[in-house]
$ cat data18.pdb   # PDB, C-alpha atoms
MODEL        1
ATOM      1  CA  MET E 780     -57.483  59.541 -48.461
ATOM      2  CA  ILE E 781     -58.215  56.000 -47.410
ATOM      3  CA  PHE E 782     -61.868  55.996 -46.391
ATOM      4  CA  THR E 783     -64.999  57.007 -48.253
ATOM      5  CA  ASP E 784     -67.013  59.891 -46.799
ATOM      6  CA  ARG E 785     -69.573  57.404 -45.550
ATOM      7  CA  GLU E 786     -66.925  55.264 -43.828
ATOM      8  CA  ARG E 787     -65.322  58.338 -42.279
ATOM      9  CA  ASP E 788     -68.654  59.585 -40.926
ATOM     10  CA  TYR E 789     -69.409  56.157 -39.572
ATOM     11  CA  LEU E 790     -66.041  55.745 -37.854
ATOM     12  CA  ALA E 791     -66.226  59.227 -36.368
ATOM     13  CA  GLY E 792     -69.630  58.392 -34.877
ATOM     14  CA  GLN E 793     -68.613  55.140 -33.177
ATOM     15  CA  GLY E 794     -67.125  55.240 -29.690
ATOM     16  CA  LEU E 795     -66.060  51.642 -29.366
ATOM     17  CA  GLY E 796     -64.202  49.265 -31.629
ATOM     18  CA  ARG E 797     -62.472  45.913 -31.353
ATOM     19  CA  LEU E 798     -58.778  45.364 -31.976
ATOM     20  CA  ALA E 799     -57.374  41.987 -32.903
ATOM     21  CA  THR E 800     -53.677  41.344 -32.349
ATOM     22  CA  ILE E 801     -51.457  38.266 -32.458
ATOM     23  CA  GLY E 802     -50.410  36.807 -29.108
ATOM     24  CA  PRO E 803     -47.044  35.275 -28.245
ATOM     25  CA  ASP E 804     -48.168  31.767 -29.205
ATOM     26  CA  GLY E 805     -49.747  32.884 -32.479
ATOM     27  CA  THR E 806     -53.298  32.903 -31.116
ATOM     28  CA  PRO E 807     -55.335  35.980 -32.001
ATOM     29  CA  HIS E 808     -56.499  38.245 -29.189
ATOM     30  CA  VAL E 809     -59.483  40.587 -29.495
ATOM     31  CA  ARG E 810     -60.482  43.349 -27.087
ATOM     32  CA  PRO E 811     -62.904  46.270 -26.983
ATOM     33  CA  VAL E 812     -61.037  49.554 -27.378
ATOM     34  CA  GLY E 813     -61.619  53.272 -27.495
ATOM     35  CA  PHE E 814     -60.338  54.853 -30.686
ATOM     36  CA  ARG E 815     -59.991  58.076 -32.636
ATOM     37  CA  LEU E 816     -60.039  58.603 -36.390
ATOM     38  CA  ASN E 817     -57.189  60.956 -37.320
ATOM     39  CA  GLU E 818     -57.239  63.449 -40.181
ATOM     40  CA  ASP E 819     -54.843  61.298 -42.185
ATOM     41  CA  ASP E 820     -57.198  58.287 -41.803
ATOM     42  CA  THR E 821     -54.976  56.483 -39.337
ATOM     43  CA  ILE E 822     -56.742  55.145 -36.245
ATOM     44  CA  ASP E 823     -55.392  55.773 -32.746
ATOM     45  CA  ILE E 824     -56.266  53.312 -30.010
ATOM     46  CA  GLY E 825     -55.836  54.233 -26.385
ATOM     47  CA  GLY E 826     -56.647  53.087 -22.912
ATOM     48  CA  PRO E 827     -55.726  53.384 -19.261
ATOM     49  CA  ASN E 828     -52.265  51.883 -18.657
ATOM     50  CA  LEU E 829     -52.050  50.994 -22.321
ATOM     51  CA  ARG E 830     -48.334  50.208 -22.094
ATOM     52  CA  SER E 831     -48.975  47.375 -19.646
ATOM     53  CA  SER E 832     -51.711  45.787 -21.743
ATOM     54  CA  GLN E 833     -51.330  42.535 -23.621
ATOM     55  CA  LYS E 834     -52.379  44.177 -26.892
ATOM     56  CA  TYR E 835     -49.543  46.707 -26.576
ATOM     57  CA  ARG E 836     -47.019  43.943 -25.960
ATOM     58  CA  ASN E 837     -48.484  41.951 -28.846
ATOM     59  CA  VAL E 838     -48.082  44.859 -31.264
ATOM     60  CA  ARG E 839     -44.480  45.375 -30.178
ATOM     61  CA  THR E 840     -43.744  41.773 -31.169
ATOM     62  CA  ASP E 841     -45.997  41.550 -34.233
ATOM     63  CA  PRO E 842     -47.438  44.757 -35.726
ATOM     64  CA  LYS E 843     -50.071  43.006 -37.830
ATOM     65  CA  VAL E 844     -53.521  43.958 -36.526
ATOM     66  CA  SER E 845     -57.156  44.177 -37.489
ATOM     67  CA  PHE E 846     -59.538  46.791 -36.146
ATOM     68  CA  ILE E 847     -63.300  46.817 -36.562
ATOM     69  CA  ALA E 848     -66.030  49.266 -35.679
ATOM     70  CA  ASP E 849     -69.464  47.795 -36.253
ATOM     71  CA  ASP E 850     -73.031  47.815 -34.980
ATOM     72  CA  LEU E 851     -76.510  46.806 -36.065
ATOM     73  CA  THR E 852     -78.053  49.051 -38.701
ATOM     74  CA  PRO E 853     -81.005  50.966 -37.248
ATOM     75  CA  ASP E 854     -84.276  51.141 -39.164
ATOM     76  CA  GLU E 855     -83.863  54.676 -40.518
ATOM     77  CA  PRO E 856     -84.626  56.292 -43.878
ATOM     78  CA  GLY E 857     -81.920  55.368 -46.361
ATOM     79  CA  ALA E 858     -80.507  52.642 -44.139
ATOM     80  CA  ILE E 859     -78.970  49.691 -45.955
ATOM     81  CA  ARG E 860     -80.264  46.386 -44.573
ATOM     82  CA  PRO E 861     -81.795  47.532 -41.257
ATOM     83  CA  GLY E 862     -81.235  44.955 -38.518
ATOM     84  CA  TRP E 863     -78.126  43.574 -40.208
ATOM     85  CA  GLY E 864     -74.573  44.280 -39.121
ATOM     86  CA  ARG E 865     -72.666  47.175 -40.652
ATOM     87  CA  GLY E 866     -69.207  48.510 -40.102
ATOM     88  CA  VAL E 867     -65.649  48.991 -41.266
ATOM     89  CA  GLU E 868     -62.792  46.549 -40.752
ATOM     90  CA  ILE E 869     -59.261  47.840 -41.152
ATOM     91  CA  ARG E 870     -56.385  45.426 -41.529
ATOM     92  CA  GLY E 871     -52.885  46.708 -41.421
ATOM     93  CA  LEU E 872     -49.828  47.520 -39.412
ATOM     94  CA  ALA E 873     -49.729  49.198 -36.034
ATOM     95  CA  GLU E 874     -47.055  51.370 -34.514
ATOM     96  CA  LEU E 875     -46.584  52.396 -30.891
ATOM     97  CA  LEU E 876     -46.394  56.142 -30.276
ATOM     98  CA  GLU E 877     -46.404  58.696 -27.504
ATOM     99  CA  THR E 878     -49.110  61.321 -27.836
ATOM    100  CA  ASP E 879     -49.655  64.667 -26.169
ATOM    101  CA  ARG E 880     -53.363  64.275 -26.872
ATOM    102  CA  PRO E 881     -54.750  61.267 -24.944
ATOM    103  CA  LEU E 882     -58.034  59.962 -26.346
ATOM    104  CA  ALA E 883     -59.937  60.375 -23.095
ATOM    105  CA  PRO E 884     -59.417  61.502 -19.508
ATOM    106  CA  GLY E 885     -57.564  58.803 -17.613
ATOM    107  CA  PHE E 886     -56.037  57.280 -20.719
ATOM    108  CA  SER E 887     -52.265  57.057 -20.791
ATOM    109  CA  ASP E 888     -50.138  59.003 -23.250
ATOM    110  CA  GLU E 889     -49.336  56.077 -25.521
ATOM    111  CA  VAL E 890     -51.403  55.092 -28.511
ATOM    112  CA  ILE E 891     -51.479  52.169 -30.891
ATOM    113  CA  ARG E 892     -51.712  53.741 -34.346
ATOM    114  CA  VAL E 893     -53.218  51.604 -37.101
ATOM    115  CA  HIS E 894     -52.197  52.139 -40.728
ATOM    116  CA  ALA E 895     -54.667  50.541 -43.116
ATOM    117  CA  ARG E 896     -53.450  48.118 -45.757
ATOM    118  CA  ARG E 897     -56.871  46.659 -46.532
ATOM    119  CA  VAL E 898     -60.336  48.027 -45.801
ATOM    120  CA  LEU E 899     -63.557  45.988 -45.688
ATOM    121  CA  SER E 900     -66.784  47.919 -45.711
ATOM    122  CA  LEU E 901     -69.946  46.136 -44.622
ATOM    123  CA  ASN E 902     -73.433  47.433 -45.529
ATOM    124  CA  LEU E 903     -72.334  51.075 -45.486
ATOM    125  CA  ASP E 904     -71.936  52.400 -49.030
ATOM    126  CA  ALA E 905     -73.682  49.397 -50.556
ATOM    127  CA  PRO E 906     -75.305  46.129 -49.471
ATOM    128  CA  GLY E 907     -72.856  43.393 -48.575
ATOM    129  CA  SER E 908     -69.143  43.440 -47.995
ATOM    130  CA  GLN E 909     -66.653  45.262 -50.196
ATOM    131  CA  ALA E 910     -62.903  44.922 -49.743
ATOM    132  CA  ARG E 911     -60.083  46.956 -51.204
ATOM    133  CA  ASP E 912     -56.336  47.153 -50.780
ATOM    134  CA  ILE E 913     -54.721  50.415 -49.746
ATOM    135  CA  GLU E 914     -51.492  51.429 -51.410
ATOM    136  CA  ARG E 915     -48.561  51.704 -49.086
ATOM    137  CA  GLY E 916     -47.812  55.309 -48.363
ATOM    138  CA  ALA E 917     -51.407  56.400 -48.824
ATOM    139  CA  ASP E 918     -51.584  57.419 -45.175
ATOM    140  CA  SER E 919     -48.191  59.032 -44.846
TER     141      SER E 919
ATOM    142  CA  MET J1416     -67.838  23.492 -16.926
ATOM    143  CA  ILE J1417     -65.773  26.262 -18.394
ATOM    144  CA  PHE J1418     -67.698  29.439 -17.631
ATOM    145  CA  THR J1419     -68.969  30.892 -14.384
ATOM    146  CA  ASP J1420     -72.723  31.269 -13.989
ATOM    147  CA  ARG J1421     -72.336  35.000 -14.563
ATOM    148  CA  GLU J1422     -70.328  34.497 -17.743
ATOM    149  CA  ARG J1423     -72.814  31.932 -19.017
ATOM    150  CA  ASP J1424     -75.782  34.230 -18.359
ATOM    151  CA  TYR J1425     -73.962  37.072 -20.050
ATOM    152  CA  LEU J1426     -73.024  35.039 -23.137
ATOM    153  CA  ALA J1427     -76.554  33.647 -23.443
ATOM    154  CA  GLY J1428     -77.942  37.199 -23.417
ATOM    155  CA  GLN J1429     -75.715  38.613 -26.147
ATOM    156  CA  GLY J1430     -76.753  38.260 -29.762
ATOM    157  CA  LEU J1431     -73.602  39.466 -31.448
ATOM    158  CA  GLY J1432     -69.920  38.731 -30.932
ATOM    159  CA  ARG J1433     -66.684  39.261 -32.812
ATOM    160  CA  LEU J1434     -64.455  36.491 -34.069
ATOM    161  CA  ALA J1435     -60.770  36.990 -34.744
ATOM    162  CA  THR J1436     -58.997  34.551 -37.035
ATOM    163  CA  ILE J1437     -55.596  34.457 -38.714
ATOM    164  CA  GLY J1438     -55.512  35.282 -42.426
ATOM    165  CA  PRO J1439     -53.302  33.669 -45.071
ATOM    166  CA  ASP J1440     -50.554  36.275 -44.633
ATOM    167  CA  GLY J1441     -50.615  36.074 -40.836
ATOM    168  CA  THR J1442     -52.695  39.233 -40.389
ATOM    169  CA  PRO J1443     -55.586  38.917 -37.958
ATOM    170  CA  HIS J1444     -59.129  39.302 -39.266
ATOM    171  CA  VAL J1445     -62.054  40.301 -37.082
ATOM    172  CA  ARG J1446     -65.741  40.179 -37.988
ATOM    173  CA  PRO J1447     -69.104  40.516 -36.254
ATOM    174  CA  VAL J1448     -70.769  37.128 -35.928
ATOM    175  CA  GLY J1449     -73.909  35.508 -34.622
ATOM    176  CA  PHE J1450     -73.212  32.812 -32.075
ATOM    177  CA  ARG J1451     -74.767  30.261 -29.734
ATOM    178  CA  LEU J1452     -73.506  29.058 -26.365
ATOM    179  CA  ASN J1453     -73.802  25.269 -26.253
ATOM    180  CA  GLU J1454     -74.533  23.214 -23.135
ATOM    181  CA  ASP J1455     -70.927  21.994 -23.016
ATOM    182  CA  ASP J1456     -69.672  25.607 -23.069
ATOM    183  CA  THR J1457     -68.431  25.469 -26.630
ATOM    184  CA  ILE J1458     -69.474  28.381 -28.838
ATOM    185  CA  ASP J1459     -70.992  27.843 -32.284
ATOM    186  CA  ILE J1460     -70.626  30.595 -34.865
ATOM    187  CA  GLY J1461     -72.797  30.656 -37.921
ATOM    188  CA  GLY J1462     -73.771  32.810 -40.831
ATOM    189  CA  PRO J1463     -75.271  32.834 -44.308
ATOM    190  CA  ASN J1464     -72.937  31.069 -46.749
ATOM    191  CA  LEU J1465     -70.487  30.469 -43.926
ATOM    192  CA  ARG J1466     -68.454  28.019 -45.982
ATOM    193  CA  SER J1467     -67.553  30.700 -48.514
ATOM    194  CA  SER J1468     -66.466  33.216 -45.886
ATOM    195  CA  GLN J1469     -62.889  34.239 -45.274
ATOM    196  CA  LYS J1470     -63.156  33.319 -41.586
ATOM    197  CA  TYR J1471     -64.161  29.767 -42.484
ATOM    198  CA  ARG J1472     -61.198  29.451 -44.845
ATOM    199  CA  ASN J1473     -58.917  30.968 -42.214
ATOM    200  CA  VAL J1474     -59.982  28.435 -39.580
ATOM    201  CA  ARG J1475     -59.407  25.565 -42.000
ATOM    202  CA  THR J1476     -55.807  26.724 -42.387
ATOM    203  CA  ASP J1477     -55.168  27.860 -38.803
ATOM    204  CA  PRO J1478     -57.634  26.845 -36.073
ATOM    205  CA  LYS J1479     -56.388  29.384 -33.527
ATOM    206  CA  VAL J1480     -59.136  31.931 -32.867
ATOM    207  CA  SER J1481     -60.373  34.446 -30.360
ATOM    208  CA  PHE J1482     -64.026  35.234 -29.788
ATOM    209  CA  ILE J1483     -65.394  38.101 -27.731
ATOM    210  CA  ALA J1484     -68.855  39.156 -26.643
ATOM    211  CA  ASP J1485     -68.827  42.547 -24.982
ATOM    212  CA  ASP J1486     -70.868  45.688 -24.472
ATOM    213  CA  LEU J1487     -71.020  48.750 -22.250
ATOM    214  CA  THR J1488     -72.236  48.061 -18.710
ATOM    215  CA  PRO J1489     -75.624  49.731 -18.155
ATOM    216  CA  ASP J1490     -76.245  51.732 -15.018
ATOM    217  CA  GLU J1491     -78.289  49.127 -13.157
ATOM    218  CA  PRO J1492     -78.386  47.965  -9.532
ATOM    219  CA  GLY J1493     -75.421  45.699  -8.834
ATOM    220  CA  ALA J1494     -73.654  46.648 -12.065
ATOM    221  CA  ILE J1495     -69.868  46.621 -11.936
ATOM    222  CA  ARG J1496     -68.393  49.821 -13.374
ATOM    223  CA  PRO J1497     -71.417  51.237 -15.247
ATOM    224  CA  GLY J1498     -70.368  52.913 -18.484
ATOM    225  CA  TRP J1499     -67.254  50.765 -18.787
ATOM    226  CA  GLY J1500     -66.843  47.832 -21.129
ATOM    227  CA  ARG J1501     -67.650  44.332 -19.941
ATOM    228  CA  GLY J1502     -67.561  40.970 -21.613
ATOM    229  CA  VAL J1503     -65.968  37.589 -22.086
ATOM    230  CA  GLU J1504     -63.089  36.793 -24.432
ATOM    231  CA  ILE J1505     -62.508  33.176 -25.350
ATOM    232  CA  ARG J1506     -59.245  32.125 -26.919
ATOM    233  CA  GLY J1507     -58.881  28.671 -28.248
ATOM    234  CA  LEU J1508     -59.165  26.302 -31.143
ATOM    235  CA  ALA J1509     -61.969  26.143 -33.666
ATOM    236  CA  GLU J1510     -63.288  23.209 -35.608
ATOM    237  CA  LEU J1511     -65.543  23.188 -38.668
ATOM    238  CA  LEU J1512     -68.695  21.119 -38.351
ATOM    239  CA  GLU J1513     -71.984  20.427 -40.070
ATOM    240  CA  THR J1514     -75.030  21.043 -37.907
ATOM    241  CA  ASP J1515     -78.661  20.046 -38.247
ATOM    242  CA  ARG J1516     -79.575  23.022 -36.080
ATOM    243  CA  PRO J1517     -78.595  26.282 -37.862
ATOM    244  CA  LEU J1518     -78.286  29.257 -35.532
ATOM    245  CA  ALA J1519     -80.846  31.349 -37.362
ATOM    246  CA  PRO J1520     -83.135  31.207 -40.401
ATOM    247  CA  GLY J1521     -81.073  31.717 -43.535
ATOM    248  CA  PHE J1522     -77.849  30.552 -41.938
ATOM    249  CA  SER J1523     -76.092  27.673 -43.619
ATOM    250  CA  ASP J1524     -75.662  24.289 -41.960
ATOM    251  CA  GLU J1525     -71.991  24.694 -41.119
ATOM    252  CA  VAL J1526     -70.713  26.125 -37.867
ATOM    253  CA  ILE J1527     -67.355  27.196 -36.544
ATOM    254  CA  ARG J1528     -67.162  25.627 -33.072
ATOM    255  CA  VAL J1529     -64.832  27.306 -30.591
ATOM    256  CA  HIS J1530     -63.215  25.294 -27.800
ATOM    257  CA  ALA J1531     -61.890  27.533 -25.043
ATOM    258  CA  ARG J1532     -58.281  27.243 -23.945
ATOM    259  CA  ARG J1533     -58.163  30.568 -22.117
ATOM    260  CA  VAL J1534     -60.999  32.760 -20.838
ATOM    261  CA  LEU J1535     -60.746  36.472 -20.013
ATOM    262  CA  SER J1536     -63.590  37.967 -18.046
ATOM    263  CA  LEU J1537     -63.968  41.742 -18.019
ATOM    264  CA  ASN J1538     -66.002  43.567 -15.351
ATOM    265  CA  LEU J1539     -68.458  40.700 -14.962
ATOM    266  CA  ASP J1540     -67.767  38.754 -11.765
ATOM    267  CA  ALA J1541     -65.407  41.420 -10.430
ATOM    268  CA  PRO J1542     -63.961  44.772 -11.459
ATOM    269  CA  GLY J1543     -61.179  44.559 -14.012
ATOM    270  CA  SER J1544     -59.966  41.727 -16.180
ATOM    271  CA  GLN J1545     -59.420  38.179 -14.949
ATOM    272  CA  ALA J1546     -57.810  35.503 -17.102
ATOM    273  CA  ARG J1547     -57.627  31.772 -16.598
ATOM    274  CA  ASP J1548     -56.426  28.805 -18.585
ATOM    275  CA  ILE J1549     -58.811  25.985 -19.377
ATOM    276  CA  GLU J1550     -57.545  22.432 -19.162
ATOM    277  CA  ARG J1551     -57.633  20.544 -22.413
ATOM    278  CA  GLY J1552     -60.539  18.142 -22.458
ATOM    279  CA  ALA J1553     -62.632  20.298 -20.157
ATOM    280  CA  ASP J1554     -65.165  20.796 -22.925
ATOM    281  CA  SER J1555     -65.222  17.285 -24.305
TER     282      SER J1555
ENDMDL
END
$ encode --input "data18.pdb" --output "structure tokens"
Amino acid sequence: MIFTDRERDYLAGQGLGRLATIGPDGTPHVRPVGFRLNEDDTIDIGGPNLRSSQKYRNVRTDPKVSFIADDLTPDEPGAIRPGWGRGVEIRGLAELLETDRPLAPGFSDEVIRVHARRVLSLNLDAPGSQARDIERGADS
Amino acid sequence: MIFTDRERDYLAGQGLGRLATIGPDGTPHVRPVGFRLNEDDTIDIGGPNLRSSQKYRNVRTDPKVSFIADDLTPDEPGAIRPGWGRGVEIRGLAELLETDRPLAPGFSDEVIRVHARRVLSLNLDAPGSQARDIERGADS
């Protein structure tokens, strides 16, 4: 698997993430997105009319993406650095798929599926930022 | 000025944004960042040890960035689409500067300053997403 238990729990508990794609002129784009963590540790991103969105068109032209789910750490027992940011960033390649399981009511039946090539964990398993490369094929 | 009054109020009230940059291999990166809206509608992004961060190195190599501040619209009087996402995305060019006014205690004295070339407003002034290009020189 790609994620640690802590990262998986965190991702499963977050409703909103941000997806960065590359636009036609090479400028990054970043948008808030709904997402789902799949059992194989890929991430599906959906939306209403996803096919007509700029991020969908961007991925079709350049599949390199970065996805992040993050928030501020609440002041709870065992929390690492309360009040600081925490989260998981996933850099990798996206593919465009049809799904028979839309992420939410009103979402269209396409998804952008993100395959991790590098994972950066921030204040989750340990203080600070830890990065690691993911072997190709680890999610397939 | 670059932003509408509503966008400016919104940006001034948000403490956290996300900055997308382009990494050495052309993959986008996206990270949570503290930011400040300046009087000339540029955005300054800071952090502890900013100079040693990947985003700082990315901007030095490729100044094309996208910054977004967004959240879920609360259910308040006058709110557009409560429960939906809202925010402002700013695409443009970043420069690296020294500042004598760090954004927060513990932040280093460098900032990444974002100059807008295109602004996308989401569920702020009106339902849905509106995009507009910014003339070069509008912020200088």
$ residues_around --input "data18.pdb" --residues "Glu1550 in chain J" --least-positions-apart "5" --cutoff "12 Å" --atoms "all atoms listed in the file" --output "compact mmCIF listing (two decimals) with C-alpha atoms, keeping the file's coordinate frame"
# COMPACT_ATOMS: atom_id res chain seq x y z
CA MET J 1416 -67.84 23.49 -16.93
CA ILE J 1417 -65.77 26.26 -18.39
CA GLY J 1507 -58.88 28.67 -28.25
CA HIS J 1530 -63.22 25.29 -27.80
CA ALA J 1531 -61.89 27.53 -25.04
CA ARG J 1532 -58.28 27.24 -23.94
CA ARG J 1533 -58.16 30.57 -22.12
CA VAL J 1534 -61.00 32.76 -20.84
CA SER J 1555 -65.22 17.28 -24.30
$ calpha_fit_and_write --input "data18.pdb" --fixed "chain J" --moving "chain E" --output "compact mmCIF listing (two decimals) with C-alpha atoms, in the frame of the given file"
# COMPACT_ATOMS: atom_id res chain seq x y z
CA MET E 780 -67.79 23.46 -16.92
CA ILE E 781 -65.75 26.27 -18.39
CA PHE E 782 -67.70 29.43 -17.63
CA THR E 783 -68.95 30.89 -14.37
CA ASP E 784 -72.72 31.27 -13.99
CA ARG E 785 -72.35 34.99 -14.54
CA GLU E 786 -70.33 34.50 -17.74
CA ARG E 787 -72.82 31.92 -19.01
CA ASP E 788 -75.78 34.22 -18.36
CA TYR E 789 -73.97 37.06 -20.05
CA LEU E 790 -73.03 35.04 -23.14
CA ALA E 791 -76.54 33.64 -23.45
CA GLY E 792 -77.94 37.19 -23.41
CA GLN E 793 -75.70 38.60 -26.15
CA GLY E 794 -76.74 38.24 -29.78
CA LEU E 795 -73.59 39.46 -31.45
CA GLY E 796 -69.92 38.73 -30.94
CA ARG E 797 -66.67 39.27 -32.80
CA LEU E 798 -64.45 36.48 -34.06
CA ALA E 799 -60.77 36.99 -34.75
CA THR E 800 -59.00 34.55 -37.05
CA ILE E 801 -55.60 34.46 -38.73
CA GLY E 802 -55.51 35.28 -42.44
CA PRO E 803 -53.30 33.66 -45.07
CA ASP E 804 -50.54 36.25 -44.63
CA GLY E 805 -50.61 36.06 -40.84
CA THR E 806 -52.69 39.22 -40.41
CA PRO E 807 -55.57 38.92 -37.96
CA HIS E 808 -59.11 39.30 -39.27
CA VAL E 809 -62.05 40.30 -37.08
CA ARG E 810 -65.74 40.18 -38.00
CA PRO E 811 -69.09 40.52 -36.26
CA VAL E 812 -70.76 37.13 -35.93
CA GLY E 813 -73.90 35.51 -34.63
CA PHE E 814 -73.21 32.81 -32.07
CA ARG E 815 -74.75 30.26 -29.74
CA LEU E 816 -73.51 29.06 -26.36
CA ASN E 817 -73.79 25.27 -26.25
CA GLU E 818 -74.51 23.21 -23.14
CA ASP E 819 -70.92 21.98 -23.04
CA ASP E 820 -69.67 25.61 -23.07
CA THR E 821 -68.43 25.46 -26.64
CA ILE E 822 -69.47 28.39 -28.84
CA ASP E 823 -70.99 27.85 -32.29
CA ILE E 824 -70.62 30.60 -34.86
CA GLY E 825 -72.80 30.66 -37.93
CA GLY E 826 -73.78 32.82 -40.83
CA PRO E 827 -75.27 32.84 -44.30
CA ASN E 828 -72.94 31.07 -46.75
CA LEU E 829 -70.50 30.47 -43.93
CA ARG E 830 -68.46 28.00 -45.99
CA SER E 831 -67.56 30.70 -48.52
CA SER E 832 -66.48 33.22 -45.90
CA GLN E 833 -62.90 34.23 -45.28
CA LYS E 834 -63.17 33.33 -41.59
CA TYR E 835 -64.16 29.76 -42.49
CA ARG E 836 -61.21 29.44 -44.85
CA ASN E 837 -58.93 30.97 -42.22
CA VAL E 838 -59.99 28.44 -39.59
CA ARG E 839 -59.41 25.56 -42.01
CA THR E 840 -55.81 26.72 -42.40
CA ASP E 841 -55.18 27.86 -38.82
CA PRO E 842 -57.65 26.85 -36.08
CA LYS E 843 -56.39 29.38 -33.54
CA VAL E 844 -59.14 31.93 -32.87
CA SER E 845 -60.37 34.45 -30.36
CA PHE E 846 -64.02 35.24 -29.78
CA ILE E 847 -65.40 38.11 -27.74
CA ALA E 848 -68.86 39.16 -26.65
CA ASP E 849 -68.83 42.55 -24.99
CA ASP E 850 -70.88 45.70 -24.48
CA LEU E 851 -71.01 48.75 -22.24
CA THR E 852 -72.25 48.07 -18.72
CA PRO E 853 -75.63 49.72 -18.16
CA ASP E 854 -76.25 51.74 -15.01
CA GLU E 855 -78.28 49.12 -13.14
CA PRO E 856 -78.37 47.99 -9.51
CA GLY E 857 -75.42 45.72 -8.82
CA ALA E 858 -73.67 46.66 -12.05
CA ILE E 859 -69.88 46.61 -11.93
CA ARG E 860 -68.40 49.81 -13.37
CA PRO E 861 -71.43 51.23 -15.24
CA GLY E 862 -70.38 52.90 -18.49
CA TRP E 863 -67.25 50.77 -18.78
CA GLY E 864 -66.84 47.83 -21.13
CA ARG E 865 -67.68 44.33 -19.94
CA GLY E 866 -67.57 40.98 -21.62
CA VAL E 867 -65.98 37.59 -22.10
CA GLU E 868 -63.10 36.80 -24.44
CA ILE E 869 -62.50 33.18 -25.35
CA ARG E 870 -59.23 32.13 -26.93
CA GLY E 871 -58.87 28.67 -28.26
CA LEU E 872 -59.17 26.30 -31.15
CA ALA E 873 -61.97 26.15 -33.67
CA GLU E 874 -63.29 23.21 -35.62
CA LEU E 875 -65.53 23.18 -38.68
CA LEU E 876 -68.71 21.12 -38.34
CA GLU E 877 -71.99 20.42 -40.07
CA THR E 878 -75.03 21.04 -37.91
CA ASP E 879 -78.66 20.05 -38.25
CA ARG E 880 -79.55 23.03 -36.08
CA PRO E 881 -78.59 26.28 -37.87
CA LEU E 882 -78.27 29.26 -35.53
CA ALA E 883 -80.83 31.36 -37.36
CA PRO E 884 -83.13 31.24 -40.38
CA GLY E 885 -81.07 31.73 -43.52
CA PHE E 886 -77.84 30.57 -41.93
CA SER E 887 -76.09 27.68 -43.61
CA ASP E 888 -75.67 24.29 -41.96
CA GLU E 889 -71.99 24.70 -41.12
CA VAL E 890 -70.72 26.13 -37.88
CA ILE E 891 -67.36 27.20 -36.54
CA ARG E 892 -67.15 25.64 -33.08
CA VAL E 893 -64.83 27.32 -30.58
CA HIS E 894 -63.22 25.30 -27.79
CA ALA E 895 -61.89 27.54 -25.04
CA ARG E 896 -58.28 27.24 -23.94
CA ARG E 897 -58.17 30.57 -22.11
CA VAL E 898 -61.00 32.76 -20.84
CA LEU E 899 -60.75 36.47 -20.01
CA SER E 900 -63.59 37.96 -18.05
CA LEU E 901 -63.96 41.74 -18.02
CA ASN E 902 -66.01 43.56 -15.35
CA LEU E 903 -68.47 40.69 -14.96
CA ASP E 904 -67.78 38.75 -11.76
CA ALA E 905 -65.42 41.41 -10.43
CA PRO E 906 -63.97 44.77 -11.46
CA GLY E 907 -61.20 44.56 -14.02
CA SER E 908 -59.98 41.73 -16.17
CA GLN E 909 -59.42 38.19 -14.94
CA ALA E 910 -57.82 35.51 -17.09
CA ARG E 911 -57.63 31.78 -16.59
CA ASP E 912 -56.44 28.80 -18.58
CA ILE E 913 -58.83 25.98 -19.37
CA GLU E 914 -57.57 22.43 -19.13
CA ARG E 915 -57.63 20.54 -22.37
CA GLY E 916 -60.52 18.14 -22.41
CA ALA E 917 -62.65 20.28 -20.13
CA ASP E 918 -65.17 20.78 -22.92
CA SER E 919 -65.21 17.27 -24.31
$ closest_residue --input "data18.pdb" --among "E:Pro853, E:Pro811, E:Gly885, E:Pro827" --to "chain J" --atoms "only C-alpha atoms"
E:Pro811
$ atom_distance --input "data18.pdb" --atom1 "CA of Thr878 in chain E" --atom2 "CA of Asp912 in chain E"
27.9 Å
$ resolve_selection --input "data18.pdb" --expression "the PyMOL selection byres ((chain J and resi 1516) around 12)" --output "compact mmCIF listing (two decimals) with C-alpha atoms, in the coordinates of the input"
# COMPACT_ATOMS: atom_id res chain seq x y z
CA ARG J 1451 -74.77 30.26 -29.73
CA ASN J 1453 -73.80 25.27 -26.25
CA ASP J 1459 -70.99 27.84 -32.28
CA ILE J 1460 -70.63 30.60 -34.86
CA GLY J 1461 -72.80 30.66 -37.92
CA LEU J 1512 -68.69 21.12 -38.35
CA GLU J 1513 -71.98 20.43 -40.07
CA THR J 1514 -75.03 21.04 -37.91
CA ASP J 1515 -78.66 20.05 -38.25
CA PRO J 1517 -78.60 26.28 -37.86
CA LEU J 1518 -78.29 29.26 -35.53
CA ALA J 1519 -80.85 31.35 -37.36
CA PRO J 1520 -83.14 31.21 -40.40
CA GLY J 1521 -81.07 31.72 -43.54
CA PHE J 1522 -77.85 30.55 -41.94
CA SER J 1523 -76.09 27.67 -43.62
CA ASP J 1524 -75.66 24.29 -41.96
CA GLU J 1525 -71.99 24.69 -41.12
CA VAL J 1526 -70.71 26.12 -37.87
$ atom_distance --input "data18.pdb" --atom1 "CA of Val1529 in chain J" --atom2 "CA of Ile1458 in chain J"
5.1 Å
$ atom_distance --input "data18.pdb" --atom1 "CA of Pro1542 in chain J" --atom2 "CA of Gly1430 in chain J"
23.3 Å
$ axis_aligned_box --input "data18.pdb" --around "range 834-851 of chain E" --padding-each-side "3 Å" --output "AutoDock Vina command-line options"
--center_x -60.1 --center_y 45.4 --center_z -31.9 --size_x 38.8 --size_y 13.7 --size_z 17.9
$ closest_residue --input "data18.pdb" --among "J:Asp1490, J:Gly1438, J:Thr1457, J:Ile1495" --to "Ser1544 in chain J" --atoms "all atoms listed in the file"
J:Ile1495
$ closest_residue --input "data18.pdb" --among "E:Tyr835, E:Asp819, E:Ile891, E:Pro856" --to "Arg787 in chain E" --atoms "only C-alpha atoms"
E:Asp819
